[in-house]
>>> print(open('protein_25.cif').read())   # mmCIF, C-alpha atoms and all ligand atoms
data_protein
#
loop_
_atom_site.label_atom_id
_atom_site.label_comp_id
_atom_site.auth_asym_id
_atom_site.auth_seq_id
_atom_site.Cartn_x
_atom_site.Cartn_y
_atom_site.Cartn_z
CA MET A 1 -9.24 -14.74 -18.49
CA THR A 2 -8.63 -12.91 -15.19
CA GLN A 3 -7.12 -14.59 -12.14
CA LEU A 4 -10.59 -14.50 -10.57
CA GLU A 5 -12.27 -16.07 -13.60
CA ALA A 6 -9.59 -18.77 -13.70
CA ALA A 7 -10.12 -19.48 -9.98
CA LYS A 8 -13.86 -19.76 -10.51
CA LYS A 9 -13.18 -22.39 -13.19
CA GLY A 10 -10.76 -24.23 -10.91
CA ILE A 11 -7.73 -23.38 -13.08
CA ILE A 12 -4.45 -22.89 -11.20
CA THR A 13 -2.53 -20.21 -13.11
CA GLU A 14 1.24 -19.68 -13.23
CA GLN A 15 0.74 -16.59 -11.04
CA MET A 16 -1.11 -18.65 -8.42
CA LYS A 17 1.70 -21.24 -8.45
CA LYS A 18 4.31 -18.51 -7.90
CA VAL A 19 2.36 -16.99 -4.99
CA ALA A 20 1.81 -20.42 -3.41
CA ASN A 21 5.52 -21.13 -3.66
CA ASP A 22 6.57 -17.73 -2.24
CA GLU A 23 4.13 -17.99 0.65
CA ASN A 24 4.69 -21.66 1.35
CA LYS A 25 0.99 -22.38 0.80
CA ASP A 26 -0.92 -25.04 -1.04
CA GLU A 27 -1.86 -23.97 -4.58
CA LYS A 28 -5.45 -25.02 -3.86
CA TYR A 29 -5.56 -22.63 -0.89
CA ILE A 30 -4.53 -19.72 -3.12
CA LEU A 31 -7.09 -20.72 -5.74
CA SER A 32 -9.93 -21.02 -3.24
CA LYS A 33 -9.18 -17.64 -1.61
CA ILE A 34 -8.97 -15.89 -4.99
CA LYS A 35 -12.30 -17.45 -5.86
CA GLU A 36 -13.77 -16.03 -2.64
CA GLY A 37 -12.22 -12.62 -3.38
CA LYS A 38 -10.13 -12.78 -0.20
CA ILE A 39 -6.79 -12.89 -2.05
CA VAL A 40 -5.86 -10.85 -5.12
CA ILE A 41 -2.92 -11.22 -7.50
CA PRO A 42 -2.58 -7.87 -9.31
CA ALA A 43 -1.07 -9.01 -12.60
CA ASN A 44 -1.84 -7.04 -15.75
CA ILE A 45 -1.47 -9.19 -18.86
CA ASN A 46 0.71 -6.42 -20.34
CA HIS A 47 3.19 -6.17 -17.43
CA LYS A 48 5.75 -8.44 -19.01
CA ASN A 49 8.53 -8.57 -16.38
CA LEU A 50 6.17 -8.94 -13.41
CA SER A 51 6.98 -11.26 -10.56
CA PRO A 52 3.45 -11.64 -9.14
CA LYS A 53 2.56 -11.10 -5.49
CA GLY A 54 -0.47 -12.27 -3.57
CA ILE A 55 -2.29 -9.93 -1.21
CA GLY A 56 -4.89 -11.14 1.26
CA GLU A 57 -6.04 -13.62 3.84
CA GLY A 58 -3.43 -15.95 5.28
CA LEU A 59 -0.55 -14.34 3.36
CA THR A 60 2.25 -12.15 4.66
CA THR A 61 1.34 -8.47 4.91
CA LYS A 62 2.57 -6.61 1.85
CA VAL A 63 3.96 -3.07 1.66
CA ASN A 64 3.74 -0.40 -1.02
CA VAL A 65 6.04 2.51 -1.84
CA ASN A 66 4.65 5.61 -3.53
CA LEU A 67 6.77 7.17 -6.25
CA GLY A 68 6.01 10.08 -8.50
CA SER A 69 6.96 13.50 -9.65
CA SER A 70 5.15 16.76 -9.05
CA LYS A 71 5.32 20.04 -10.91
CA ASP A 72 7.77 21.25 -8.25
CA LYS A 73 10.21 18.43 -8.96
CA GLU A 74 10.07 16.52 -12.20
CA ASP A 75 13.18 14.40 -12.50
CA PHE A 76 12.89 10.92 -14.02
CA GLU A 77 16.31 9.82 -12.78
CA PHE A 78 15.35 10.80 -9.25
CA GLU A 79 12.11 8.78 -9.46
CA LEU A 80 13.90 5.76 -10.93
CA LYS A 81 16.49 5.98 -8.14
CA LYS A 82 13.59 5.87 -5.66
CA LEU A 83 12.29 2.76 -7.44
CA GLU A 84 15.75 1.18 -7.20
CA ILE A 85 15.94 1.88 -3.45
CA ALA A 86 12.38 0.60 -2.92
CA LEU A 87 13.24 -2.67 -4.70
CA LYS A 88 16.58 -2.99 -2.89
CA TYR A 89 14.88 -2.79 0.51
CA GLY A 90 12.12 -5.20 -0.46
CA THR A 91 8.95 -3.36 -1.36
CA ASP A 92 6.13 -5.60 -2.59
CA ALA A 93 4.55 -2.98 -4.86
CA VAL A 94 5.00 0.59 -6.06
CA MET A 95 2.50 3.25 -7.01
CA ASP A 96 3.25 6.02 -9.47
CA LEU A 97 1.40 9.05 -8.12
CA SER A 98 2.95 11.55 -10.52
CA THR A 99 1.30 14.88 -11.13
CA GLY A 100 4.04 16.47 -13.23
CA GLU A 101 4.19 17.06 -16.97
CA ASN A 102 5.33 13.89 -18.77
CA LEU A 103 3.13 11.42 -16.98
CA ASP A 104 2.92 8.79 -19.74
CA GLU A 105 6.66 8.55 -20.18
CA LEU A 106 7.45 8.12 -16.49
CA ARG A 107 4.66 5.56 -15.98
CA LYS A 108 5.91 3.44 -18.88
CA LEU A 109 9.48 3.59 -17.55
CA ILE A 110 8.39 2.53 -14.06
CA ILE A 111 6.38 -0.41 -15.43
CA GLU A 112 9.29 -1.47 -17.62
CA LYS A 113 11.75 -1.41 -14.71
CA SER A 114 9.52 -2.79 -11.98
CA PRO A 115 9.26 -6.53 -11.32
CA VAL A 116 6.77 -5.79 -8.51
CA PRO A 117 3.14 -4.83 -9.17
CA VAL A 118 2.63 -1.20 -10.20
CA GLY A 119 -0.38 0.88 -9.22
CA THR A 120 -1.60 4.29 -10.40
CA VAL A 121 -4.44 6.73 -9.79
CA PRO A 122 -5.60 7.54 -13.35
CA ILE A 123 -7.83 10.42 -12.29
CA TYR A 124 -4.69 12.44 -11.48
CA GLU A 125 -3.72 12.40 -15.14
CA ALA A 126 -7.28 12.96 -16.41
CA ALA A 127 -7.63 15.97 -14.09
CA ILE A 128 -4.26 17.39 -15.18
CA LEU A 129 -5.22 17.00 -18.86
CA ALA A 130 -8.54 18.75 -18.18
CA VAL A 131 -6.81 21.62 -16.38
CA ARG A 132 -4.28 21.94 -19.21
CA LYS A 133 -7.01 22.07 -21.83
CA TYR A 134 -9.84 23.93 -20.07
CA GLY A 135 -8.15 25.40 -16.99
CA PHE A 136 -10.51 23.56 -14.63
CA ILE A 137 -11.12 19.98 -13.33
CA GLY A 138 -14.89 20.50 -13.56
CA LYS A 139 -14.54 20.40 -17.36
CA MET A 140 -13.04 16.89 -17.35
CA SER A 141 -15.28 14.76 -19.55
CA LYS A 142 -16.30 11.24 -18.65
CA GLN A 143 -14.71 10.16 -21.94
CA LEU A 144 -11.36 11.70 -20.99
CA LEU A 145 -11.45 10.00 -17.58
CA PHE A 146 -12.23 6.56 -19.03
CA GLU A 147 -9.75 6.91 -21.90
CA THR A 148 -7.05 7.76 -19.36
CA ILE A 149 -8.00 4.72 -17.26
CA GLU A 150 -7.77 2.50 -20.34
CA ALA A 151 -4.39 4.00 -21.32
CA HIS A 152 -2.97 3.12 -17.88
CA CYS A 153 -4.36 -0.41 -18.12
CA GLU A 154 -3.02 -0.87 -21.65
CA ASP A 155 0.45 0.22 -20.47
CA GLY A 156 0.53 -2.64 -17.95
CA VAL A 157 -0.52 -1.07 -14.62
CA ASP A 158 -1.47 -3.92 -12.26
CA PHE A 159 -3.84 -2.06 -9.92
CA ILE A 160 -5.61 1.27 -10.15
CA THR A 161 -7.08 3.39 -7.41
CA VAL A 162 -10.60 4.41 -8.37
CA HIS A 163 -12.60 6.47 -5.89
CA CYS A 164 -15.97 4.96 -6.84
CA GLY A 165 -17.50 5.46 -3.38
CA VAL A 166 -17.37 9.26 -3.45
CA THR A 167 -21.03 9.81 -4.25
CA LEU A 168 -23.40 12.76 -3.95
CA ASN A 169 -24.93 10.99 -0.96
CA SER A 170 -21.64 10.49 0.86
CA ILE A 171 -20.56 14.11 0.28
CA GLU A 172 -23.89 15.26 1.72
CA ARG A 173 -23.29 13.18 4.83
CA ILE A 174 -19.89 14.78 5.41
CA LYS A 175 -21.37 18.22 4.95
CA LYS A 176 -24.18 17.58 7.40
CA GLU A 177 -22.05 15.98 10.10
CA GLY A 178 -19.15 18.42 9.69
CA ARG A 179 -15.45 17.68 9.56
CA ILE A 180 -12.29 19.57 10.46
CA THR A 181 -10.29 18.50 7.41
CA ASN A 182 -13.16 17.83 4.96
CA VAL A 183 -11.62 15.80 2.08
CA VAL A 184 -7.87 15.03 2.10
CA SER A 185 -7.67 12.45 -0.69
CA ARG A 186 -6.30 14.11 -3.85
CA GLY A 187 -8.45 11.94 -6.14
CA GLY A 188 -11.42 12.34 -3.81
CA SER A 189 -11.11 16.13 -3.89
CA PHE A 190 -10.95 16.14 -7.73
CA LEU A 191 -14.21 14.19 -7.85
CA VAL A 192 -15.93 16.37 -5.25
CA GLU A 193 -14.97 19.44 -7.28
CA TRP A 194 -16.22 17.81 -10.50
CA MET A 195 -19.51 16.61 -8.98
CA ILE A 196 -20.33 19.94 -7.36
CA TYR A 197 -19.53 21.91 -10.52
CA ASN A 198 -21.50 19.58 -12.80
CA ASN A 199 -24.17 18.68 -10.24
CA LYS A 200 -23.82 15.09 -11.41
CA GLU A 201 -23.03 11.72 -9.86
CA ASN A 202 -19.43 10.44 -9.78
CA PRO A 203 -18.80 8.88 -13.24
CA LEU A 204 -16.68 6.15 -11.63
CA TYR A 205 -19.78 5.13 -9.66
CA GLU A 206 -22.39 5.77 -12.34
CA TYR A 207 -20.47 3.93 -15.07
CA PHE A 208 -18.93 1.26 -12.87
CA ASP A 209 -19.92 -1.38 -15.46
CA GLU A 210 -17.68 0.34 -18.06
CA LEU A 211 -14.84 0.48 -15.57
CA LEU A 212 -15.23 -3.25 -14.99
CA LYS A 213 -15.01 -3.97 -18.72
CA ILE A 214 -11.65 -2.17 -18.93
CA ALA A 215 -10.29 -3.83 -15.76
CA LYS A 216 -11.38 -7.25 -16.99
CA LYS A 217 -9.77 -6.81 -20.41
CA TYR A 218 -6.29 -6.39 -18.88
CA ASP A 219 -6.90 -8.19 -15.56
CA VAL A 220 -6.30 -5.01 -13.60
CA THR A 221 -7.17 -5.17 -9.91
CA LEU A 222 -9.43 -2.35 -8.75
CA SER A 223 -8.23 -0.68 -5.58
CA LEU A 224 -11.48 0.93 -4.51
CA GLY A 225 -10.19 4.19 -3.08
CA ASP A 226 -11.15 5.86 0.17
CA GLY A 227 -11.72 9.31 -1.25
CA LEU A 228 -13.46 10.35 1.95
CA ARG A 229 -10.88 9.02 4.40
CA PRO A 230 -10.44 11.03 7.57
CA GLY A 231 -7.58 13.53 7.44
CA CYS A 232 -7.31 13.86 11.20
CA LEU A 233 -8.12 11.79 14.28
CA LYS A 234 -11.19 13.90 15.09
CA ASP A 235 -12.80 13.07 11.72
CA ALA A 236 -12.20 9.30 11.98
CA THR A 237 -14.96 6.72 11.62
CA ASP A 238 -17.66 9.27 10.79
CA ARG A 239 -20.78 8.85 8.67
CA GLY A 240 -19.13 9.91 5.40
CA GLN A 241 -16.28 7.42 5.80
CA ILE A 242 -18.56 4.52 6.71
CA TYR A 243 -21.14 5.38 4.04
CA GLU A 244 -18.35 5.26 1.44
CA LEU A 245 -17.22 1.89 2.81
CA ILE A 246 -20.76 0.48 2.52
CA THR A 247 -20.84 1.62 -1.14
CA LEU A 248 -17.44 0.00 -1.77
CA GLY A 249 -18.77 -3.26 -0.31
CA GLU A 250 -21.70 -3.18 -2.76
CA LEU A 251 -19.38 -2.46 -5.70
CA THR A 252 -17.05 -5.26 -4.60
CA GLN A 253 -19.77 -7.85 -5.15
CA ILE A 254 -20.61 -6.42 -8.58
CA ALA A 255 -16.92 -6.55 -9.53
CA TRP A 256 -16.61 -10.16 -8.37
CA ASP A 257 -19.70 -11.14 -10.37
CA ASN A 258 -17.91 -9.69 -13.41
CA GLY A 259 -14.64 -11.53 -12.78
CA VAL A 260 -12.69 -8.46 -11.58
CA GLN A 261 -10.36 -8.57 -8.57
CA VAL A 262 -10.82 -5.95 -5.86
CA MET A 263 -8.95 -4.46 -2.90
CA ILE A 264 -10.40 -1.85 -0.56
CA GLU A 265 -8.42 1.20 0.52
CA GLY A 266 -8.73 2.38 4.09
CA PRO A 267 -7.82 5.27 6.32
CA GLY A 268 -5.89 7.38 6.98
CA HIS A 269 -5.79 9.10 10.37
CA ILE A 270 -7.35 6.92 13.10
CA PRO A 271 -7.05 6.93 16.91
CA ILE A 272 -5.22 3.80 18.04
CA ASP A 273 -8.29 2.36 19.79
CA GLU A 274 -10.41 2.56 16.60
CA ILE A 275 -8.04 0.62 14.32
CA GLU A 276 -9.30 -2.87 15.14
CA MET A 277 -12.92 -1.75 14.66
CA ASN A 278 -12.07 -0.21 11.27
CA ILE A 279 -10.47 -3.44 10.07
CA LYS A 280 -13.44 -5.52 11.25
CA LEU A 281 -15.89 -3.14 9.60
CA GLU A 282 -14.08 -3.38 6.27
CA LYS A 283 -13.83 -7.16 6.42
CA SER A 284 -17.52 -7.41 7.22
CA LEU A 285 -18.93 -4.76 4.86
CA CYS A 286 -16.63 -5.72 1.96
CA HIS A 287 -17.00 -9.49 2.38
CA GLY A 288 -13.35 -10.23 3.21
CA ALA A 289 -11.83 -8.33 0.26
CA PRO A 290 -8.14 -7.50 0.95
CA PHE A 291 -7.71 -4.28 2.94
CA TYR A 292 -5.07 -1.78 1.83
CA VAL A 293 -4.49 0.83 4.54
CA LEU A 294 -2.75 4.17 4.18
CA GLY A 295 -0.94 4.29 7.50
CA PRO A 296 -3.00 4.50 9.64
CA VAL A 297 -1.46 7.53 11.31
CA VAL A 298 -2.26 7.39 15.05
CA THR A 299 -1.52 10.99 16.01
CA ASP A 300 -1.63 14.25 14.09
CA ILE A 301 1.18 16.05 15.94
CA ALA A 302 4.34 14.45 14.57
CA PRO A 303 5.26 15.99 11.19
CA GLY A 304 8.77 14.83 10.35
CA TYR A 305 8.13 11.53 12.15
CA ASP A 306 5.00 10.29 10.39
CA HIS A 307 6.77 7.11 9.28
CA ILE A 308 6.72 6.25 13.00
CA THR A 309 3.10 7.28 13.65
CA ALA A 310 2.07 5.25 10.58
CA ALA A 311 4.20 2.23 11.54
CA ILE A 312 2.49 2.10 14.94
CA GLY A 313 -0.91 2.16 13.22
CA GLY A 314 0.23 -0.16 10.44
CA ALA A 315 1.45 -2.83 12.89
CA ILE A 316 -1.85 -2.79 14.78
CA ALA A 317 -3.83 -2.79 11.52
CA ALA A 318 -1.84 -5.70 10.10
CA TRP A 319 -2.17 -7.64 13.35
CA HIS A 320 -5.96 -7.30 13.16
CA GLY A 321 -6.15 -8.32 9.50
CA ALA A 322 -5.05 -5.50 7.16
CA ASP A 323 -3.38 -7.14 4.17
CA PHE A 324 -1.42 -4.36 2.50
CA LEU A 325 0.26 -1.31 4.06
CA CYS A 326 1.01 1.83 2.11
CA TYR A 327 4.23 3.36 3.36
CA VAL A 328 4.41 6.76 4.95
CA THR A 329 7.69 8.67 4.93
CA PRO A 330 9.13 11.26 7.36
CA ALA A 331 8.27 13.84 4.66
CA GLU A 332 4.52 13.10 4.84
CA HIS A 333 2.41 16.26 5.15
CA LEU A 334 5.53 18.36 4.44
CA ARG A 335 7.04 17.75 0.98
CA LEU A 336 7.77 15.24 -1.78
CA PRO A 337 9.97 12.50 -0.25
CA ASP A 338 13.64 12.28 -1.20
CA ILE A 339 15.66 9.07 -1.56
CA GLU A 340 16.47 8.78 2.17
CA ASP A 341 12.81 9.43 3.06
CA VAL A 342 11.78 6.56 0.76
CA LYS A 343 14.19 4.21 2.49
CA GLU A 344 13.18 5.29 6.02
CA GLY A 345 9.48 5.07 5.16
CA LEU A 346 9.82 1.65 3.60
CA ILE A 347 11.85 0.14 6.46
CA ALA A 348 9.39 1.55 9.03
CA THR A 349 6.48 0.02 7.08
CA LYS A 350 8.26 -3.32 6.73
CA ILE A 351 8.76 -3.37 10.51
CA ALA A 352 5.03 -2.73 10.93
CA ALA A 353 4.09 -5.48 8.43
CA HIS A 354 6.44 -7.98 10.05
CA ALA A 355 5.23 -7.18 13.58
CA GLY A 356 1.66 -7.58 12.30
CA ASP A 357 2.51 -10.95 10.73
CA ILE A 358 3.86 -12.22 14.05
CA GLY A 359 0.60 -11.09 15.69
CA LYS A 360 -1.41 -12.74 12.89
CA LYS A 361 0.54 -15.97 13.55
CA ILE A 362 1.62 -16.29 9.92
CA PRO A 363 3.58 -19.58 9.90
CA GLY A 364 7.31 -18.90 9.92
CA ALA A 365 6.92 -15.16 10.54
CA ILE A 366 8.81 -15.35 13.84
CA ASP A 367 11.62 -17.61 12.55
CA LYS A 368 13.98 -14.78 11.65
CA ASP A 369 13.42 -13.18 15.07
CA ILE A 370 14.45 -16.46 16.71
CA LEU A 371 17.61 -16.59 14.59
CA MET A 372 18.34 -12.98 15.61
CA ALA A 373 17.85 -13.87 19.29
CA ILE A 374 20.31 -16.77 18.96
CA ALA A 375 22.84 -14.51 17.20
CA ARG A 376 22.44 -11.94 20.02
CA ARG A 377 22.94 -14.58 22.68
CA ASN A 378 26.06 -15.77 20.84
CA LEU A 379 27.28 -12.18 20.41
CA ASP A 380 27.57 -13.08 16.72
CA TRP A 381 27.69 -9.60 15.25
CA LYS A 382 28.12 -10.71 11.64
CA LYS A 383 24.94 -12.76 11.81
CA GLN A 384 23.02 -10.01 13.60
CA ILE A 385 23.90 -7.57 10.83
CA GLU A 386 22.99 -10.09 8.13
CA LEU A 387 19.57 -10.69 9.68
CA SER A 388 18.75 -6.98 10.04
CA LEU A 389 16.08 -5.34 7.90
CA ASP A 390 18.67 -2.65 7.16
CA PRO A 391 22.10 -4.34 7.41
CA GLU A 392 23.97 -1.22 6.26
CA LYS A 393 22.56 0.91 9.05
CA ALA A 394 23.13 -1.81 11.68
CA LYS A 395 26.78 -2.16 10.55
CA LYS A 396 27.33 1.58 10.51
CA TYR A 397 26.03 1.95 14.07
CA ARG A 398 28.01 -1.01 15.39
CA GLU A 399 31.27 0.19 13.84
CA SER A 400 30.86 3.83 14.77
CA LEU A 401 31.69 3.11 18.44
CA LEU A 402 33.21 -0.29 19.15
CA SER A 403 33.74 -1.55 22.70
CA LYS A 404 37.17 -2.33 24.11
CA ASP A 405 35.65 -5.73 24.83
CA GLU A 406 35.38 -7.04 21.26
CA ASP A 407 32.62 -9.56 22.04
CA ALA A 408 30.32 -6.94 23.54
CA CYS A 409 29.07 -3.63 22.22
CA SER A 410 29.77 -0.18 23.60
CA MET A 411 26.36 0.00 25.31
CA CYS A 412 27.59 -1.90 28.43
CA GLY A 413 31.12 -2.92 27.40
CA GLU A 414 32.81 -4.97 30.14
CA PHE A 415 29.44 -5.27 31.94
CA CYS A 416 27.79 -7.03 28.97
CA ALA A 417 24.91 -8.94 30.59
CA ILE A 418 24.75 -11.51 27.82
CA LYS A 419 28.43 -12.35 28.13
CA LYS A 420 28.36 -12.47 31.93
CA VAL A 421 25.64 -15.11 32.24
CA ARG A 422 26.13 -16.97 28.93
CA ASP A 423 28.61 -19.52 30.30
CA TYR A 424 26.54 -20.06 33.43
CA PHE A 425 23.36 -20.91 31.49
CA SER A 426 25.08 -22.97 28.81
CA SER A 427 26.64 -25.16 31.54
CA LYS A 428 23.13 -26.12 32.78
S1 LIG B 501 27.02 -4.90 25.81
FE1 LIG B 501 24.94 -4.68 26.60
S2 LIG B 501 23.74 -4.03 24.83
FE2 LIG B 501 25.67 -4.78 24.04
S3 LIG B 501 25.32 -6.94 23.59
FE3 LIG B 501 26.08 -6.92 25.69
S4 LIG B 501 24.21 -6.78 26.95
FE4 LIG B 501 23.62 -6.25 24.85
#
>>> encode(input="protein_25.cif", output="structure tokens", more="lines below")
Ligand code: SF4
Amino acid sequence: MTQLEAAKKGIITEQMKKVANDENKDEKYILSKIKEGKIVIPANINHKNLSPKGIGEGLTTKVNVNLGSSKDKEDFEFELKKLEIALKYGTDAVMDLSTGENLDELRKLIIEKSPVPVGTVPIYEAAILAVRKYGFIGKMSKQLLFETIEAHCEDGVDFITVHCGVTLNSIERIKKEGRITNVVSRGGSFLVEWMIYNNKENPLYEYFDELLKIAKKYDVTLSLGDGLRPGCLKDATDRGQIYELITLGELTQIAWDNGVQVMIEGPGHIPIDEIEMNIKLEKSLCHGAPFYVLGPVVTDIAPGYDHITAAIGGAIAAWHGADFLCYVTPAEHLRLPDIEDVKEGLIATKIAAHAGDIGKKIPGAIDKDILMAIARRNLDWKKQIELSLDPEKAKKYRESLLSKDEDACSMCGEFCAIKKVRDYFSSK
């Protein structure tokens, strides 16, 4: 029985209890929101060491770290080190986006070592297998695609990205309206190539019922992918993107009727003033299903700093109701991230999620900020470092240039404003 089927029967599962406890919520609240489709708990029955997480309405905003090799760098130790860093700094989920050679082996290792939910994009592997065998993605059979999906689910993957909304109709809309960056989703581009070559509908859309059977068997959450997300600000919120979203909304209801949990993936590159509208559109068209945004990146001109452009967008998105933020690293648009990029990207995304939670008025979200403010007022440096999202970096900065006045920091030294007025205010 899936989490959704259990919720429909009024059964509170162990996973629901864990989420309720972590989020300080009533178990009945979690059950009712899962039943409505507004909260998901991605928890594959085969992911044995999973510590489940809830994603959705009323819960803290979750963050995801992408891992994965490519043909240019295939190093399992390097990927597992990234996983270690992601877990150390508090990621809520990881996705294995590998496109290298030994995909099965790395995926199994990541699942085995990850206590947080693991996601994949099975079409990457199916496309690679097709290219290996036939030299061309267009030759990928529907059978190969669905067998690959089932293999990922059987291994214990908790959520899979499936670009079911990339249809012949939506591609036509993009073509007619015109875009600068056309299609920037890797999975989306594979499907476009396949559909144009075969002159056939997207098999993930056409055989959605078969996809649901596999997802239901292992209780895998479908992350309905935004294969037609805008790749630049100028392409944002166009007909292709919104047509895809409408399709995803329709598929969401079919999935729910079949007991399968669903999240919706969202853009991408969006101007800052269109973020709120995009969140509201998703919540309305997809009936409150959790929204998983990739960024959003709010300007296209900052390669090397895209963890910052995405954190700005992510904070605003979370504030307005996005439930799950995919991290973006400083290496975005440039290369495969290294270990330091993973850390920087994750911390930036956690800042965005936390800022969004304060805006969402999640109970208790601001508590740590209040403790930090008190520690600052008290010039309690040990406490300030302890409360930091990245204590090591805070400590390193503090110690790299100490003030002659030990209480203060070297920013203002003897003119420390906090120290100067502290005694005056505390005597009132
Ligand atoms: S020295 Fe300046 S920056 Fe440092 S704690 Fe005091 S007021 Fe703040």
>>> atom_distance(input="protein_25.cif", atom1="atom CA of Asp96 of chain A", atom2="atom CA of Ser70 of chain A")
10.9 Å
>>> atom_distance(input="protein_25.cif", atom1="atom CA of Ala352 of chain A", atom2="atom CA of Glu332 of chain A")
17.0 Å
>>> residues_around(input="protein_25.cif", residues="segment 195-209 of chain A", least_positions_apart="3", cutoff="12 Å", atoms="all atoms listed in the file", output="ChimeraX atom specification")
/A:122-123,136-146,149,161-172,187-192,212-216,222,224-225,227,244,247-248,250-260
>>> axis_aligned_box(input="protein_25.cif", around="ligand LIG 501 (chain B)", padding_each_side="8 Å", output="JSON")
{"center_x": 25.3, "center_y": -5.5, "center_z": 25.3, "size_x": 19.4, "size_y": 18.9, "size_z": 19.4}
>>> residues_near_ligand(input="protein_25.cif", ligand="ligand LIG 501 (chain B)", cutoff="6 Å", atoms="all atoms listed in the file", output="mmCIF file with C-alpha atoms, in the coordinates of the input")
data_model
loop_
_atom_site.group_PDB
_atom_site.id
_atom_site.type_symbol
_atom_site.label_atom_id
_atom_site.label_comp_id
_atom_site.auth_asym_id
_atom_site.auth_seq_id
_atom_site.Cartn_x
_atom_site.Cartn_y
_atom_site.Cartn_z
ATOM 1 C CA ALA A 408 30.320 -6.940 23.540
ATOM 2 C CA CYS A 409 29.070 -3.630 22.220
ATOM 3 C CA SER A 410 29.770 -0.180 23.600
ATOM 4 C CA MET A 411 26.360 0.000 25.310
ATOM 5 C CA CYS A 412 27.590 -1.900 28.430
ATOM 6 C CA GLY A 413 31.120 -2.920 27.400
ATOM 7 C CA CYS A 416 27.790 -7.030 28.970
ATOM 8 C CA ALA A 417 24.910 -8.940 30.590
ATOM 9 C CA ILE A 418 24.750 -11.510 27.820
#
>>> closest_residue(input="protein_25.cif", among="A:Lys350, A:Arg239, A:His152, A:Lys73", to="Ile110 of chain A", atoms="all atoms listed in the file")
A:His152
>>> atom_distance(input="protein_25.cif", atom1="atom CA of Val183 of chain A", atom2="atom CA of Glu340 of chain A")
29.0 Å
>>> closest_residue(input="protein_25.cif", among="A:Val297, A:Val220, A:Cys286, A:Ile246", to="Cys232 of chain A", atoms="all atoms listed in the file")
A:Val297
>>> closest_residue(input="protein_25.cif", among="A:Leu50, A:Leu4, A:Met263, A:Ile174", to="Glu112 of chain A", atoms="all atoms listed in the file")
A:Leu50
>>> residues_around(input="protein_25.cif", residues="Gly37 of chain A", least_positions_apart="4", cutoff="8 Å", atoms="all atoms listed in the file", output="ChimeraX atom specification")
/A:4,33,256,261-262,288-290
>>> residues_near_point(input="protein_25.cif", point="(4.2, 15.4, 11.6)", cutoff="8 Å", atoms="only C-alpha atoms", output="list in words")
Asp300, Ile301, Ala302, Pro303, Gly304, Tyr305, Asp306, Pro330, Glu332, His333 and Leu334 of chain A
>>> residues_around(input="protein_25.cif", residues="Asp341 of chain A", least_positions_apart="3", cutoff="6 Å", atoms="only C-alpha atoms", output="list of chain:residue names")
A:Thr329, A:Pro330, A:Pro337, A:Asp338, A:Glu344, A:Gly345
>>> residues_around(input="protein_25.cif", residues="Thr61 of chain A", least_positions_apart="4", cutoff="9 Å", atoms="only C-alpha atoms", output="list in words")
Ile55, Gly56, Ala318, Gly321, Ala322, Asp323, Phe324, Leu325, Lys350, Ala353, His354, Gly356 and Asp357 of chain A
>>> write_last_selection(input="protein_25.cif", atoms="C-alpha atoms", output="CSV table (one decimal), in the frame of the given file")
chain,number,residue,atom,x,y,z
A,55,ILE,CA,-2.3,-9.9,-1.2
A,56,GLY,CA,-4.9,-11.1,1.3
A,318,ALA,CA,-1.8,-5.7,10.1
A,321,GLY,CA,-6.2,-8.3,9.5
A,322,ALA,CA,-5.0,-5.5,7.2
A,323,ASP,CA,-3.4,-7.1,4.2
A,324,PHE,CA,-1.4,-4.4,2.5
A,325,LEU,CA,0.3,-1.3,4.1
A,350,LYS,CA,8.3,-3.3,6.7
A,353,ALA,CA,4.1,-5.5,8.4
A,354,HIS,CA,6.4,-8.0,10.0
A,356,GLY,CA,1.7,-7.6,12.3
A,357,ASP,CA,2.5,-11.0,10.7
>>> residues_around(input="protein_25.cif", residues="Val116 of chain A", least_positions_apart="6", cutoff="9 Å", atoms="all atoms listed in the file", output="PyMOL selection string")
chain A and resi 49-53+87+91-94
>>> closest_residue(input="protein_25.cif", among="A:Tyr243, A:Cys153, A:Lys396, A:Leu402", to="Leu211 of chain A", atoms="all atoms listed in the file")
A:Cys153
>>> closest_residue(input="protein_25.cif", among="A:Ile362, A:Glu193, A:Lys17, A:Asn64", to="Val328 of chain A", atoms="only C-alpha atoms")
A:Asn64
>>> closest_residue(input="protein_25.cif", among="A:Arg107, A:Pro117, A:Glu79, A:Ile34", to="Lys48 of chain A", atoms="only C-alpha atoms")
A:Pro117
>>> decode(input="protein_25.cif", residues="segment 413-426 of chain A", atoms="C-alpha atoms", output="PDB file, in the first residue's frame")
ATOM      1  CA  GLY A 413      36.948  47.047  17.190  1.00  0.00           C
ATOM      2  CA  GLU A 414      36.970  49.602  20.028  1.00  0.00           C
ATOM      3  CA  PHE A 415      33.957  51.341  18.436  1.00  0.00           C
ATOM      4  CA  CYS A 416      31.772  48.215  18.685  1.00  0.00           C
ATOM      5  CA  ALA A 417      28.229  49.631  18.667  1.00  0.00           C
ATOM      6  CA  ILE A 418      26.765  46.635  20.462  1.00  0.00           C
ATOM      7  CA  LYS A 419      29.256  46.897  23.311  1.00  0.00           C
ATOM      8  CA  LYS A 420      28.904  50.666  23.635  1.00  0.00           C
ATOM      9  CA  VAL A 421      25.146  50.719  24.212  1.00  0.00           C
ATOM     10  CA  ARG A 422      24.660  47.254  25.761  1.00  0.00           C
ATOM     11  CA  ASP A 423      25.116  48.402  29.373  1.00  0.00           C
ATOM     12  CA  TYR A 424      22.929  51.458  28.825  1.00  0.00           C
ATOM     13  CA  PHE A 425      19.969  49.427  27.522  1.00  0.00           C
ATOM     14  CA  SER A 426      20.330  46.577  30.004  1.00  0.00           C
TER      15      SER A 426
END
